[in-house]
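The file target06.pdb comes next; it holds PDB, C-alpha atoms (C1' of nucleotides).
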```pdb
ATOM      1  CA  MET J 155     -42.160-119.082 -66.335
ATOM      2  CA  SER J 156     -42.544-120.827 -62.997
ATOM      3  CA  GLU J 157     -44.433-123.853 -64.291
ATOM      4  CA  ASP J 158     -41.673-124.862 -66.645
ATOM      5  CA  ASN J 159     -38.979-124.043 -64.117
ATOM      6  CA  LEU J 160     -40.568-126.352 -61.597
ATOM      7  CA  SER J 161     -40.556-129.196 -64.108
ATOM      8  CA  ARG J 162     -36.899-128.652 -64.875
ATOM      9  CA  ALA J 163     -36.004-128.439 -61.194
ATOM     10  CA  PHE J 164     -37.736-131.717 -60.325
ATOM     11  CA  ALA J 165     -36.307-133.410 -63.417
ATOM     12  CA  ALA J 166     -32.823-132.194 -62.526
ATOM     13  CA  LEU J 167     -33.011-133.723 -59.054
ATOM     14  CA  ALA J 168     -34.410-137.008 -60.371
ATOM     15  CA  ASP J 169     -30.856-138.078 -61.203
ATOM     16  CA  PRO J 170     -28.748-139.418 -58.290
ATOM     17  CA  THR J 171     -25.500-138.058 -59.724
ATOM     18  CA  ARG J 172     -27.013-134.578 -59.947
ATOM     19  CA  ARG J 173     -28.380-134.828 -56.401
ATOM     20  CA  ASP J 174     -24.891-135.792 -55.297
ATOM     21  CA  LEU J 175     -23.415-132.787 -57.094
ATOM     22  CA  VAL J 176     -25.900-130.530 -55.331
ATOM     23  CA  ALA J 177     -25.060-132.150 -52.006
ATOM     24  CA  ARG J 178     -21.370-131.485 -52.544
ATOM     25  CA  LEU J 179     -21.988-127.904 -53.601
ATOM     26  CA  THR J 180     -23.563-127.133 -50.237
ATOM     27  CA  ALA J 181     -20.001-127.393 -48.899
ATOM     28  CA  GLY J 182     -18.950-124.585 -51.200
ATOM     29  CA  ASP J 183     -18.424-123.606 -54.831
ATOM     30  CA  ALA J 184     -16.345-125.968 -56.955
ATOM     31  CA  THR J 185     -14.955-126.221 -60.466
ATOM     32  CA  VAL J 186     -16.181-128.729 -63.023
ATOM     33  CA  GLY J 187     -12.933-130.675 -62.686
ATOM     34  CA  GLU J 188     -13.213-130.893 -58.910
ATOM     35  CA  LEU J 189     -16.833-131.970 -59.180
ATOM     36  CA  ALA J 190     -16.085-134.587 -61.826
ATOM     37  CA  ALA J 191     -13.149-136.203 -60.006
ATOM     38  CA  PRO J 192     -15.068-138.638 -57.725
ATOM     39  CA  TYR J 193     -17.137-140.161 -60.541
ATOM     40  CA  ASP J 194     -16.019-142.726 -63.070
ATOM     41  CA  VAL J 195     -17.949-141.058 -65.897
ATOM     42  CA  SER J 196     -16.253-138.638 -68.289
ATOM     43  CA  LEU J 197     -15.703-134.985 -67.482
ATOM     44  CA  GLN J 198     -18.032-134.124 -70.360
ATOM     45  CA  ALA J 199     -20.850-136.108 -68.805
ATOM     46  CA  VAL J 200     -20.466-134.166 -65.548
ATOM     47  CA  SER J 201     -20.310-130.926 -67.521
ATOM     48  CA  LYS J 202     -23.645-131.877 -69.064
ATOM     49  CA  HIS J 203     -25.129-132.635 -65.640
ATOM     50  CA  ILE J 204     -24.068-129.221 -64.441
ATOM     51  CA  ARG J 205     -25.691-127.681 -67.513
ATOM     52  CA  VAL J 206     -28.953-129.377 -66.582
ATOM     53  CA  LEU J 207     -28.718-128.049 -63.029
ATOM     54  CA  GLU J 208     -27.976-124.600 -64.435
ATOM     55  CA  ASP J 209     -30.957-124.683 -66.826
ATOM     56  CA  ALA J 210     -33.108-125.644 -63.843
ATOM     57  CA  GLY J 211     -31.817-122.587 -61.987
ATOM     58  CA  LEU J 212     -30.301-124.703 -59.225
ATOM     59  CA  VAL J 213     -26.745-123.494 -59.852
ATOM     60  CA  THR J 214     -24.964-120.628 -61.573
ATOM     61  CA  ARG J 215     -21.476-120.436 -63.075
ATOM     62  CA  SER J 216     -19.001-117.590 -62.990
ATOM     63  CA  ARG J 217     -15.581-117.285 -64.599
ATOM     64  CA  ASP J 218     -12.171-117.318 -62.943
ATOM     65  CA  ALA J 219      -9.482-117.565 -65.654
ATOM     66  CA  GLN J 220     -10.093-120.872 -67.453
ATOM     67  CA  ARG J 221     -12.026-122.196 -64.471
ATOM     68  CA  ARG J 222     -15.858-121.998 -64.295
ATOM     69  CA  PRO J 223     -16.755-122.240 -60.585
ATOM     70  CA  VAL J 224     -20.214-123.668 -59.941
ATOM     71  CA  HIS J 225     -22.340-122.038 -57.270
ATOM     72  CA  LEU J 226     -25.485-123.399 -55.642
ATOM     73  CA  GLU J 227     -28.611-121.181 -55.733
ATOM     74  CA  ALA J 228     -31.065-121.688 -52.897
ATOM     75  CA  GLN J 229     -34.175-119.975 -54.302
ATOM     76  CA  VAL J 230     -35.310-122.786 -56.574
ATOM     77  CA  PHE J 231     -35.278-125.158 -53.612
ATOM     78  CA  ASP J 232     -37.804-122.857 -51.986
ATOM     79  CA  LEU J 233     -39.937-123.044 -55.119
ATOM     80  CA  MET J 234     -39.979-126.832 -54.879
ATOM     81  CA  THR J 235     -40.587-127.105 -51.147
ATOM     82  CA  GLY J 236     -43.263-124.494 -51.660
ATOM     83  CA  TRP J 237     -45.038-126.633 -54.209
ATOM     84  CA  ILE J 238     -44.711-129.844 -52.204
ATOM     85  CA  GLU J 239     -45.718-128.300 -48.890
ATOM     86  CA  ARG J 240     -48.750-126.629 -50.402
ATOM     87  CA  TYR J 241     -50.293-129.915 -51.458
ATOM     88  CA  ARG J 242     -49.004-131.930 -48.532
ATOM     89  CA  ARG J 243     -50.718-129.508 -46.167
ATOM     90  CA  GLN J 244     -53.932-129.504 -48.178
ATOM     91  CA  ALA J 245     -53.942-133.290 -48.083
ATOM     92  CA  GLU J 246     -53.257-133.333 -44.366
ATOM     93  CA  ALA J 247     -55.926-130.751 -43.667
ATOM     94  CA  ARG J 248     -58.414-132.899 -45.522
ATOM     95  CA  TYR J 249     -57.536-135.943 -43.445
ATOM     96  CA  GLU J 250     -57.853-133.933 -40.279
ATOM     97  CA  ARG J 251     -61.355-132.855 -41.340
ATOM     98  CA  LEU J 252     -62.120-136.472 -42.219
ATOM     99  CA  ASP J 253     -60.783-137.671 -38.890
ATOM    100  CA  ALA J 254     -62.915-135.071 -37.150
ATOM    101  CA  VAL J 255     -66.019-136.301 -38.949
ATOM    102  CA  LEU J 256     -65.192-139.909 -38.255
ATOM    103  CA  GLY J 257     -64.471-139.018 -34.636
ATOM    104  CA  THR J 258     -67.897-137.416 -34.310
ATOM    105  CA  LEU J 259     -69.502-140.516 -35.745
ATOM    106  CA  ASP J 260     -67.252-142.558 -33.452
ATOM    107  CA  GLU J 261     -65.787-145.028 -35.890
ATOM    108  CA  SER J 262     -62.661-147.118 -35.286
ATOM    109  CA  ALA J 263     -60.613-147.729 -38.489
ATOM    110  CA  HIS J 264     -59.953-145.153 -41.268
ATOM    111  CA  PRO J 265     -61.821-146.492 -44.316
ATOM    112  CA  ARG J 266     -61.051-143.438 -46.387
ATOM    113  CA  SER J 267     -62.877-142.784 -49.644
ATOM    114  CA  THR J 268     -64.232-139.601 -51.145
ATOM    115  CA  THR J 269     -64.550-138.228 -54.650
ATOM    116  CA  GLN J 270     -64.196-135.169 -56.892
ATOM    117  CA  GLN J 271     -61.772-132.830 -58.518
ATOM    118  CA  GLY J 272     -59.563-129.992 -57.454
ATOM    119  CA  ALA J 273     -57.476-127.109 -58.752
ATOM    120  CA  ALA J 274     -54.617-126.352 -61.102
ATOM    121  CA  SER J 275     -50.806-126.094 -61.392
TER
ATOM    122  CA  MET O1351     -34.426-148.463 -51.017
ATOM    123  CA  SER O1352     -34.684-144.754 -50.327
ATOM    124  CA  GLU O1353     -32.161-143.583 -52.935
ATOM    125  CA  ASP O1354     -34.054-145.087 -55.814
ATOM    126  CA  ASN O1355     -37.409-144.030 -54.388
ATOM    127  CA  LEU O1356     -36.263-140.443 -54.215
ATOM    128  CA  SER O1357     -35.255-140.525 -57.879
ATOM    129  CA  ARG O1358     -38.635-141.905 -58.879
ATOM    130  CA  ALA O1359     -40.468-139.351 -56.743
ATOM    131  CA  PHE O1360     -38.635-136.391 -58.258
ATOM    132  CA  ALA O1361     -38.991-137.825 -61.758
ATOM    133  CA  ALA O1362     -42.714-138.350 -61.195
ATOM    134  CA  LEU O1363     -43.244-134.709 -60.230
ATOM    135  CA  ALA O1364     -41.147-133.451 -63.148
ATOM    136  CA  ASP O1365     -44.218-133.828 -65.390
ATOM    137  CA  PRO O1366     -46.817-131.007 -65.203
ATOM    138  CA  THR O1367     -49.725-133.357 -65.888
ATOM    139  CA  ARG O1368     -48.663-135.561 -62.990
ATOM    140  CA  ARG O1369     -48.245-132.556 -60.696
ATOM    141  CA  ASP O1370     -51.738-131.513 -61.663
ATOM    142  CA  LEU O1371     -53.072-134.977 -60.855
ATOM    143  CA  VAL O1372     -51.430-134.791 -57.442
ATOM    144  CA  ALA O1373     -52.897-131.331 -56.902
ATOM    145  CA  ARG O1374     -56.372-132.609 -57.676
ATOM    146  CA  LEU O1375     -55.965-135.645 -55.445
ATOM    147  CA  THR O1376     -55.433-133.399 -52.426
ATOM    148  CA  ALA O1377     -59.147-132.641 -52.754
ATOM    149  CA  GLY O1378     -59.926-136.316 -52.267
ATOM    150  CA  ASP O1379     -59.587-139.749 -53.847
ATOM    151  CA  ALA O1380     -60.728-140.094 -57.450
ATOM    152  CA  THR O1381     -61.091-142.768 -60.109
ATOM    153  CA  VAL O1382     -58.960-142.963 -63.221
ATOM    154  CA  GLY O1383     -61.903-141.854 -65.334
ATOM    155  CA  GLU O1384     -62.598-138.817 -63.171
ATOM    156  CA  LEU O1385     -58.929-137.889 -63.203
ATOM    157  CA  ALA O1386     -58.623-138.319 -66.966
ATOM    158  CA  ALA O1387     -61.706-136.242 -67.869
ATOM    159  CA  PRO O1388     -60.154-132.729 -67.855
ATOM    160  CA  TYR O1389     -57.260-133.634 -70.156
ATOM    161  CA  ASP O1390     -57.340-134.047 -73.905
ATOM    162  CA  VAL O1391     -54.955-137.013 -73.821
ATOM    163  CA  SER O1392     -56.268-140.578 -73.876
ATOM    164  CA  LEU O1393     -57.480-142.383 -70.762
ATOM    165  CA  GLN O1394     -54.632-144.850 -71.207
ATOM    166  CA  ALA O1395     -52.072-142.063 -71.062
ATOM    167  CA  VAL O1396     -53.517-140.872 -67.735
ATOM    168  CA  SER O1397     -53.569-144.459 -66.487
ATOM    169  CA  LYS O1398     -49.849-144.624 -67.270
ATOM    170  CA  HIS O1399     -49.223-141.365 -65.409
ATOM    171  CA  ILE O1400     -50.976-142.764 -62.379
ATOM    172  CA  ARG O1401     -48.808-145.874 -62.632
ATOM    173  CA  VAL O1402     -45.712-143.686 -62.513
ATOM    174  CA  LEU O1403     -47.036-141.880 -59.429
ATOM    175  CA  GLU O1404     -47.798-145.249 -57.850
ATOM    176  CA  ASP O1405     -44.318-146.630 -58.574
ATOM    177  CA  ALA O1406     -42.912-143.511 -56.966
ATOM    178  CA  GLY O1407     -45.006-144.218 -53.862
ATOM    179  CA  LEU O1408     -46.915-140.950 -54.201
ATOM    180  CA  VAL O1409     -50.306-142.627 -54.590
ATOM    181  CA  THR O1410     -51.938-145.992 -53.905
ATOM    182  CA  ARG O1411     -54.891-147.655 -55.557
ATOM    183  CA  SER O1412     -57.673-149.723 -54.000
ATOM    184  CA  ARG O1413     -60.557-151.535 -55.626
ATOM    185  CA  ASP O1414     -64.264-150.683 -55.582
ATOM    186  CA  ALA O1415     -66.069-152.912 -58.087
ATOM    187  CA  GLN O1416     -64.593-152.097 -61.505
ATOM    188  CA  ARG O1417     -63.338-148.763 -60.226
ATOM    189  CA  ARG O1418     -59.748-148.273 -58.981
ATOM    190  CA  PRO O1419     -59.843-145.189 -56.715
ATOM    191  CA  VAL O1420     -56.519-143.378 -56.502
ATOM    192  CA  HIS O1421     -55.386-142.136 -53.105
ATOM    193  CA  LEU O1422     -52.620-139.640 -52.333
ATOM    194  CA  GLU O1423     -49.879-140.753 -49.900
ATOM    195  CA  ALA O1424     -48.183-137.987 -47.934
ATOM    196  CA  GLN O1425     -45.045-139.775 -46.683
ATOM    197  CA  VAL O1426     -43.007-139.573 -49.876
ATOM    198  CA  PHE O1427     -43.518-135.820 -49.920
ATOM    199  CA  ASP O1428     -41.816-135.731 -46.560
ATOM    200  CA  LEU O1429     -38.934-137.717 -48.026
ATOM    201  CA  MET O1430     -38.499-135.108 -50.731
ATOM    202  CA  THR O1431     -38.856-132.023 -48.540
ATOM    203  CA  GLY O1432     -36.462-133.779 -46.174
ATOM    204  CA  TRP O1433     -33.843-134.098 -48.871
ATOM    205  CA  ILE O1434     -34.289-130.566 -50.167
ATOM    206  CA  GLU O1435     -34.382-128.936 -46.745
ATOM    207  CA  ARG O1436     -31.275-130.772 -45.622
ATOM    208  CA  TYR O1437     -29.144-129.270 -48.334
ATOM    209  CA  ARG O1438     -30.880-125.930 -48.422
ATOM    210  CA  ARG O1439     -30.148-125.500 -44.728
ATOM    211  CA  GLN O1440     -26.557-126.629 -45.124
ATOM    212  CA  ALA O1441     -26.092-124.111 -47.904
ATOM    213  CA  GLU O1442     -27.711-121.349 -45.856
ATOM    214  CA  ALA O1443     -25.655-122.201 -42.795
ATOM    215  CA  ARG O1444     -22.521-121.915 -44.892
ATOM    216  CA  TYR O1445     -23.500-118.463 -46.129
ATOM    217  CA  GLU O1446     -24.263-117.358 -42.603
ATOM    218  CA  ARG O1447     -20.775-118.454 -41.540
ATOM    219  CA  LEU O1448     -19.349-116.694 -44.581
ATOM    220  CA  ASP O1449     -21.322-113.552 -43.800
ATOM    221  CA  ALA O1450     -20.061-113.700 -40.245
ATOM    222  CA  VAL O1451     -16.478-113.899 -41.440
ATOM    223  CA  LEU O1452     -16.990-111.116 -43.947
ATOM    224  CA  GLY O1453     -18.708-109.081 -41.272
ATOM    225  CA  THR O1454     -15.726-109.460 -38.954
ATOM    226  CA  LEU O1455     -13.411-108.374 -41.743
ATOM    227  CA  ASP O1456     -15.876-105.532 -42.465
ATOM    228  CA  GLU O1457     -16.361-105.931 -46.206
ATOM    229  CA  SER O1458     -19.210-104.469 -48.262
ATOM    230  CA  ALA O1459     -20.316-106.753 -51.169
ATOM    231  CA  HIS O1460     -20.585-110.589 -51.084
ATOM    232  CA  PRO O1461     -17.896-111.804 -53.505
ATOM    233  CA  ARG O1462     -18.486-115.451 -52.656
ATOM    234  CA  SER O1463     -15.993-118.123 -53.675
ATOM    235  CA  THR O1464     -14.681-121.150 -51.853
ATOM    236  CA  THR O1465     -13.683-124.669 -52.839
ATOM    237  CA  GLN O1466     -13.813-128.353 -51.929
ATOM    238  CA  GLN O1467     -16.033-131.373 -51.748
ATOM    239  CA  GLY O1468     -18.746-132.658 -49.447
ATOM    240  CA  ALA O1469     -20.768-135.758 -48.616
ATOM    241  CA  ALA O1470     -22.897-138.438 -50.228
ATOM    242  CA  SER O1471     -26.469-139.661 -50.996
TER
ATOM    243  C1'  DA P1393     -75.031-165.567 -71.042
ATOM    244  C1'  DT P1394     -74.827-160.720 -72.992
ATOM    245  C1'  DG P1395     -73.684-156.222 -72.867
ATOM    246  C1'  DG P1396     -71.983-152.162 -70.807
ATOM    247  C1'  DT P1397     -68.596-149.821 -67.814
ATOM    248  C1'  DA P1398     -63.915-149.079 -65.873
ATOM    249  C1'  DT P1399     -59.374-149.968 -66.450
ATOM    250  C1'  DT P1400     -55.127-152.186 -67.890
ATOM    251  C1'  DC P1401     -51.923-154.533 -71.293
ATOM    252  C1'  DA P1402     -49.257-154.632 -75.575
ATOM    253  C1'  DA P1403     -47.153-152.980 -79.571
ATOM    254  C1'  DC P1404     -45.602-149.174 -81.678
ATOM    255  C1'  DC P1405     -43.516-144.268 -82.512
ATOM    256  C1'  DA P1406     -40.990-139.873 -82.054
ATOM    257  C1'  DA P1407     -38.475-137.299 -78.735
ATOM    258  C1'  DT P1408     -35.509-136.923 -74.854
ATOM    259  C1'  DC P1409     -31.735-138.658 -71.774
ATOM    260  C1'  DG P1410     -27.270-140.159 -70.015
ATOM    261  C1'  DG P1411     -23.445-141.633 -71.726
ATOM    262  C1'  DT P1412     -19.519-141.948 -75.113
ATOM    263  C1'  DT P1413     -15.649-140.010 -78.295
ATOM    264  C1'  DT P1414     -13.557-136.564 -81.048
ATOM    265  C1'  DA P1415     -13.076-131.915 -81.887
ATOM    266  C1'  DC P1416     -12.914-127.094 -80.590
ATOM    267  C1'  DT P1417     -12.511-122.604 -77.664
ATOM    268  C1'  DA P1418     -10.575-119.991 -73.831
ATOM    269  C1'  DC P1419      -7.104-118.701 -70.899
ATOM    270  C1'  DC P1420      -2.553-118.854 -68.556
ATOM    271  C1'  DG P1421       2.598-119.224 -68.334
ATOM    272  C1'  DT P1422       6.796-118.816 -70.538
TER
ATOM    273  C1'  DA K 699       3.843-117.726 -80.539
ATOM    274  C1'  DC K 700       3.628-122.461 -78.163
ATOM    275  C1'  DG K 701       2.073-125.800 -75.048
ATOM    276  C1'  DG K 702      -0.605-126.988 -71.224
ATOM    277  C1'  DT K 703      -4.849-126.685 -68.544
ATOM    278  C1'  DA K 704     -10.091-126.136 -67.989
ATOM    279  C1'  DG K 705     -14.136-126.534 -70.089
ATOM    280  C1'  DT K 706     -17.729-126.717 -73.942
ATOM    281  C1'  DA K 707     -19.685-128.329 -78.502
ATOM    282  C1'  DA K 708     -21.001-131.764 -81.748
ATOM    283  C1'  DA K 709     -22.142-136.149 -83.468
ATOM    284  C1'  DC K 710     -23.518-140.391 -82.214
ATOM    285  C1'  DC K 711     -25.802-144.521 -79.511
ATOM    286  C1'  DG K 712     -28.924-147.396 -76.653
ATOM    287  C1'  DA K 713     -32.529-146.898 -73.189
ATOM    288  C1'  DT K 714     -36.379-144.564 -71.370
ATOM    289  C1'  DT K 715     -40.500-141.477 -71.814
ATOM    290  C1'  DG K 716     -45.065-139.789 -73.119
ATOM    291  C1'  DG K 717     -48.057-140.433 -76.329
ATOM    292  C1'  DT K 718     -50.949-143.233 -79.629
ATOM    293  C1'  DT K 719     -54.351-147.251 -81.031
ATOM    294  C1'  DG K 720     -56.294-151.842 -80.517
ATOM    295  C1'  DA K 721     -57.169-155.801 -77.756
ATOM    296  C1'  DA K 722     -57.778-157.881 -73.251
ATOM    297  C1'  DT K 723     -59.495-158.164 -68.406
ATOM    298  C1'  DA K 724     -62.619-157.396 -64.398
ATOM    299  C1'  DC K 725     -66.808-156.422 -62.671
ATOM    300  C1'  DC K 726     -71.837-155.192 -62.480
ATOM    301  C1'  DA K 727     -76.660-155.434 -64.400
ATOM    302  C1'  DT K 728     -80.145-157.802 -66.770
TER
END
```
As a first step, turn the structure in this file into structure tokens.
Amino acid sequence: MSEDNLSRAFAALADPTRRDLVARLTAGDATVGELAAPYDVSLQAVSKHIRVLEDAGLVTRSRDAQRRPVHLEAQVFDLMTGWIERYRRQAEARYERLDAVLGTLDESAHPRSTTQQGAAS
Amino acid sequence: MSEDNLSRAFAALADPTRRDLVARLTAGDATVGELAAPYDVSLQAVSKHIRVLEDAGLVTRSRDAQRRPVHLEAQVFDLMTGWIERYRRQAEARYERLDAVLGTLDESAHPRSTTQQGAAS
DNA sequence: ATGGTATTCAACCAATCGGTTTACTACCGT
DNA sequence: ACGGTAGTAAACCGATTGGTTGAATACCAT
């Protein structure tokens, strides 16, 4: 489940309008109409964007009469930072080891180059 | 420059094959051929994926004879975690304030609901 | 110079995306 | 029941995406 979710989450945030919607939702829940107002695209387009964010698990919608308030969900952000940080740290750790080796050999510049494969997902 | 870069970075990581490539590159630089080997898609397809990662600033390529070693760049990851964390924290801060208010009023559940807009980028 | 190795470029294809417009559904107020 | 308000669904369109195959380029080895 997670693998696909991660793809949808990253894809959802690849669009500047959707990132902007997320940014605005950190200030509090909002209706589709309120969210659509600032943009010059149609309400339907914004509704679609919200659907994408919802499918990615970034937001949820409830019902309040004919209004459908949109609410930001924080968990998926953790999933993404988790993924990014995992590999960023691995990469950094590797460079630290490399630096250590180079330091031992007392070399000046960092002419990095190594080989080989790694792990999954 | 940053706005567009962020879009490309998120879009790049929205593809599972590309995330896998990134994962493997944390173990060290690798050539296109080495990177392509584990997948059943064509070498050209992998070459294209690497191009996308490069355009997003996630990797760089150097030259070593006819080989083009691919190297992972950590900075763009920081850009992404930066964006995510900014809004995640804002959202969390808001809930803490809300919890505080609800706590003062001594209510049991968390029937969240607020309104209004926020900021840009 | 000839051939092999490593990689990209180019043209093409089906599928998805972000947008549109024109309906339709859902709920409230009176 | 009637009209207005809030939102979704459906059909369509041009652009982009991820993949393919075939041809080109860049470099090393002999």
request  = Run the PyMOL selection byres ((chain P) within 9 of (chain J)) on the file and write out the hits as a PyMOL selection string.
outcome  = chain P and resi 1410-1412+1418-1420
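Atom pair CA of His1421 in chain O / CA of Asp1390 in chain O: separated by 22.4 Å.
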Per residue of chain K within 9 Å of chain J, what are the shortest atom pair and its distance in Å to one decimal, counting all atoms listed in the file, with rows by chain and residue number, as CSV?
```
residue,atom,partner,partner_atom,distance
K:DT703,C1',J:Gln220,CA,7.9
K:DA704,C1',J:Gln220,CA,5.3
K:DG705,C1',J:Arg221,CA,7.4
K:DT706,C1',J:Ser201,CA,8.1
```
So what does the PyMOL selection byres ((chain O) within 8 of (chain J)) actually pick up in this one, as a PDB file with C-alpha atoms, keeping the file's coordinate frame?
```
ATOM      1  CA  GLU O1353     -32.161-143.583 -52.935  1.00  0.00           C
ATOM      2  CA  LEU O1356     -36.263-140.443 -54.215  1.00  0.00           C
ATOM      3  CA  SER O1357     -35.255-140.525 -57.879  1.00  0.00           C
ATOM      4  CA  ARG O1358     -38.635-141.905 -58.879  1.00  0.00           C
ATOM      5  CA  ALA O1359     -40.468-139.351 -56.743  1.00  0.00           C
ATOM      6  CA  PHE O1360     -38.635-136.391 -58.258  1.00  0.00           C
ATOM      7  CA  ALA O1361     -38.991-137.825 -61.758  1.00  0.00           C
ATOM      8  CA  LEU O1363     -43.244-134.709 -60.230  1.00  0.00           C
ATOM      9  CA  ALA O1364     -41.147-133.451 -63.148  1.00  0.00           C
ATOM     10  CA  ASP O1365     -44.218-133.828 -65.390  1.00  0.00           C
ATOM     11  CA  PRO O1366     -46.817-131.007 -65.203  1.00  0.00           C
ATOM     12  CA  ARG O1369     -48.245-132.556 -60.696  1.00  0.00           C
ATOM     13  CA  ASP O1370     -51.738-131.513 -61.663  1.00  0.00           C
ATOM     14  CA  VAL O1372     -51.430-134.791 -57.442  1.00  0.00           C
ATOM     15  CA  ALA O1373     -52.897-131.331 -56.902  1.00  0.00           C
ATOM     16  CA  ARG O1374     -56.372-132.609 -57.676  1.00  0.00           C
ATOM     17  CA  LEU O1375     -55.965-135.645 -55.445  1.00  0.00           C
ATOM     18  CA  THR O1376     -55.433-133.399 -52.426  1.00  0.00           C
ATOM     19  CA  ALA O1377     -59.147-132.641 -52.754  1.00  0.00           C
ATOM     20  CA  GLY O1378     -59.926-136.316 -52.267  1.00  0.00           C
ATOM     21  CA  ASP O1379     -59.587-139.749 -53.847  1.00  0.00           C
ATOM     22  CA  ALA O1380     -60.728-140.094 -57.450  1.00  0.00           C
ATOM     23  CA  THR O1381     -61.091-142.768 -60.109  1.00  0.00           C
ATOM     24  CA  GLU O1384     -62.598-138.817 -63.171  1.00  0.00           C
ATOM     25  CA  LEU O1385     -58.929-137.889 -63.203  1.00  0.00           C
ATOM     26  CA  LEU O1422     -52.620-139.640 -52.333  1.00  0.00           C
ATOM     27  CA  ALA O1424     -48.183-137.987 -47.934  1.00  0.00           C
ATOM     28  CA  PHE O1427     -43.518-135.820 -49.920  1.00  0.00           C
ATOM     29  CA  THR O1431     -38.856-132.023 -48.540  1.00  0.00           C
ATOM     30  CA  ILE O1434     -34.289-130.566 -50.167  1.00  0.00           C
ATOM     31  CA  GLU O1435     -34.382-128.936 -46.745  1.00  0.00           C
ATOM     32  CA  TYR O1437     -29.144-129.270 -48.334  1.00  0.00           C
ATOM     33  CA  ARG O1438     -30.880-125.930 -48.422  1.00  0.00           C
ATOM     34  CA  GLN O1440     -26.557-126.629 -45.124  1.00  0.00           C
ATOM     35  CA  ALA O1441     -26.092-124.111 -47.904  1.00  0.00           C
ATOM     36  CA  GLU O1442     -27.711-121.349 -45.856  1.00  0.00           C
ATOM     37  CA  ARG O1444     -22.521-121.915 -44.892  1.00  0.00           C
ATOM     38  CA  SER O1463     -15.993-118.123 -53.675  1.00  0.00           C
ATOM     39  CA  THR O1464     -14.681-121.150 -51.853  1.00  0.00           C
ATOM     40  CA  THR O1465     -13.683-124.669 -52.839  1.00  0.00           C
ATOM     41  CA  GLN O1466     -13.813-128.353 -51.929  1.00  0.00           C
ATOM     42  CA  GLN O1467     -16.033-131.373 -51.748  1.00  0.00           C
ATOM     43  CA  GLY O1468     -18.746-132.658 -49.447  1.00  0.00           C
ATOM     44  CA  ALA O1469     -20.768-135.758 -48.616  1.00  0.00           C
ATOM     45  CA  ALA O1470     -22.897-138.438 -50.228  1.00  0.00           C
ATOM     46  CA  SER O1471     -26.469-139.661 -50.996  1.00  0.00           C
TER      47      SER O1471
END
```
The distance between C1' of DA722 in chain K and CA of Arg1413 in chain O is 18.9 Å
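Here the PyMOL selection byres ((chain P and resi 1408) around 8) matches the residues P:DA1407, P:DC1409, K:DT715.
Here CA of Arg1411 in chain O stands at a distance of 21.1 Å from CA of Ser1352 in chain O.
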Draw an axis-aligned box over all listed atoms of range 1406-1419 of chain P, pad each side with 3 Å, and write its centre and edge lengths in Å, one decimal, as lines of an AutoDock Vina configuration file.
```
center_x = -24.0
center_y = -130.3
center_z = -76.0
size_x = 39.9
size_y = 29.2
size_z = 18.0
```
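Within 12 Å of DT1414 in chain P, once only C-alpha atoms (C1' of nucleotides) are used and residues closer than 6 positions along the same chain are dropped, the contacting residues are J:Gln198, K:DA707, K:DA708, K:DA709, K:DC710.
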Using only C-alpha atoms (C1' of nucleotides), the shortest atom-to-atom distance to DA727 in chain K among P:DT1400, P:DT1422, P:DG1395, P:DC1405 belongs to P:DG1395
